[in-house]
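Trainee: Take a look at the following structure, please.
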Amino acid sequence: MAEAFRVALIGGTSHVGKSTTAQALAARVGWSCLSTDRLARHPGRPWSTATFTLPDHVVEHYRSLTPEALTEAQLAHYRNMWPLVLERIEAHAADGAEPLVLEGSGVLPGPVAAFGLPGVRAVWLTAAPELIEARARRESGFDAASPASQAVIAKFIRRSQLYDVAVTAEVRRLGLPLVEVTAAMSEDAVLEACLAGLRG
C-alpha cells in the first residue's frame with residue numbers, strides 16, 4: 001500500500017495501544033517498526049514479566065517520587081532524548097531510506113510540530129483514565145500482587161494518566177491528529193482511525 005509519507009509517528013501515554021497499533025500499521029504497509037524506548041530507556045512499567053526482571057532502582061524510582069514528580073521526570077527524559085528521536089526520524093525520512101513506523105511516549109507533540117519535515121506524519125492516542133487504569137491493572141496482575149507492589153503499580157498508573165493529560169492538552173493546542181481510544185474499539189478500528197489521522 002503506497003503512502004504519501006515515509007515516517008509514521010504514533011505517540012501517547014502507556015496503555016493506550018501505541019505498540020499494538022504501530023505493529024499492525026507496519027505489517028500492513030510493509031515498513032519497519034521501532035519504539036522510542038529502544039533509543040533511551042526511562043523507568044517504565046514497574047512489574048516483572050516472563051522476559052523482564054524488575055530492577056531495584058526502578059522500584060525505588062517509583063517509591064521515592066510522587067506521581068506528579070514522576071510525570072515531570074518522564075517529560076524531562078523525553079525532552080532530553082529528543083535529538084536521538086529526531087536523528088532516527090531524519091534518517092528514515094531521507095529519499096531512498098527504509099520507511100519507518102516509530103511509536104512511543106517519547107513522540108512529543110511540540111518538537112514534532114516544530115520540525116515540519118516532509119514525508120513525516122504523526123498521530124497521538126489518548127484514553128479515559130479508567131481505561132488506562134484497567135489495562136495497566138490487568139497487564140501487571142495488580143489484584144494478585146503484594147501490597148508493596150500494588151503501591152508502586154498505582155503510582156505508575158497515576159503517572160500514566162497525568163502524562164496523558166499533559167500530552168493530549170499539547171496535541172489539542174497545536175491542532176494535531178488525535179485518536180480517542182475507547183474500550184469498545186477493536187484493534188482494527190484504532191488502526192483505521194490512526195491511518196485516517198496520518199493521511200489527513
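By order of appearance in the C-alpha cells: chains A, B, ..., then residues from 1 within every chain, and ligands from 1 in the order shown.
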What's the 8 Å shell around Leu100 (chain A), counting only C-alpha atoms, without same-chain residues fewer than 6 positions away, as a list in words?
Mentor: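 The filter keeps Arg6, Val7, Ala8, Ala26, Trp31, Ser32, Cys33, Leu34 and His92 of chain A.
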Trainee: Applying 10 Å and only C-alpha atoms, which residues near Ala148 (chain A) remain after dropping the ones on its own chain fewer than 4 positions away? List them as a PDB file with C-alpha atoms, in the first residue's frame.
Mentor:
ATOM      1  CA  VAL A  59      11.157   0.212  42.289  1.00  0.00           C
ATOM      2  CA  ARG A  63       8.638   4.630  45.725  1.00  0.00           C
ATOM      3  CA  VAL A 152       4.302   1.022  43.087  1.00  0.00           C
ATOM      4  CA  ILE A 153       1.959  -0.001  40.262  1.00  0.00           C
TER       5      ILE A 153
END
Trainee: To one decimal place in Å, what is the distance between CA of Thr182 (chain A) and CA of Ile132 (chain A)?
Mentor: 9.9 Å
Trainee: With a distance cut-off of 9 Å and only C-alpha atoms, select the neighbouring residues of Thr71 (chain A), excluding the residue or stretch itself and same-chain residues fewer than 2 positions from it, and output the selection as a VMD selection string.
Mentor: chain A and resid 66 to 69 73 to 76 158 to 160 162 to 163
Trainee: Could those selected residues go to a file with C-alpha atoms, as a tab-separated table (two decimals), in the first residue's frame?
Mentor:
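Final file, again23.tsv:
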chain	number	residue	atom	x	y	z
A	66	THR	CA	5.05	11.50	43.87
A	67	PRO	CA	3.01	10.82	40.69
A	68	GLU	CA	3.45	14.49	39.76
A	69	ALA	CA	7.22	14.30	40.17
A	73	ALA	CA	10.82	13.29	35.32
A	74	GLN	CA	9.31	11.40	32.41
A	75	LEU	CA	8.73	14.58	30.41
A	76	ALA	CA	12.27	15.78	31.14
A	158	ARG	CA	-1.32	7.73	38.05
A	159	ARG	CA	1.84	8.86	36.25
A	160	SER	CA	0.47	7.41	33.01
A	162	LEU	CA	-1.07	12.58	34.23
A	163	TYR	CA	1.21	12.14	31.22
Trainee: List every residue of region 94-191 of chain A that DSSP, applied to the backbone, labels as strand (DSSP E or B), and write the result as JSON, numbers by chain.
Mentor: {"A": [100, 101, 102, 103, 120, 121, 122, 123, 124, 125, 126, 127, 178, 179, 180, 181]}
Trainee: So that I can check the surroundings of region 185-190 of chain A, please list as an NGL selection string every protein, DNA and RNA residue that reaches within 9 Å of it, counting only C-alpha atoms and ignoring chain neighbours fewer than 5 positions away.
Mentor: :A and (17 or 20-21 or 24 or 125 or 179-180 or 195)
Trainee: From the options A:Thr168, A:Asn80, A:Ser140, A:Ser64, which residue's atoms come nearest to Arg45 (chain A), counting only C-alpha atoms?
Mentor: A:Ser140
Trainee: I need the residues in region 27-155 of chain A that are alpha helix (DSSP H) according to DSSP; give them as a PyMOL selection string.
Mentor: chain A and resi 27-29+56-64+67-93+109-115+129-140+147-155
Trainee: In terms of the shortest atom-to-atom distance over only C-alpha atoms, which of A:Trp47, A:Phe115, A:Tyr62, A:Phe52 is closest to Glu90 (chain A)?
Mentor: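 When distances to Glu90 (chain A) are compared using only C-alpha atoms, the smallest one comes from A:Phe115.
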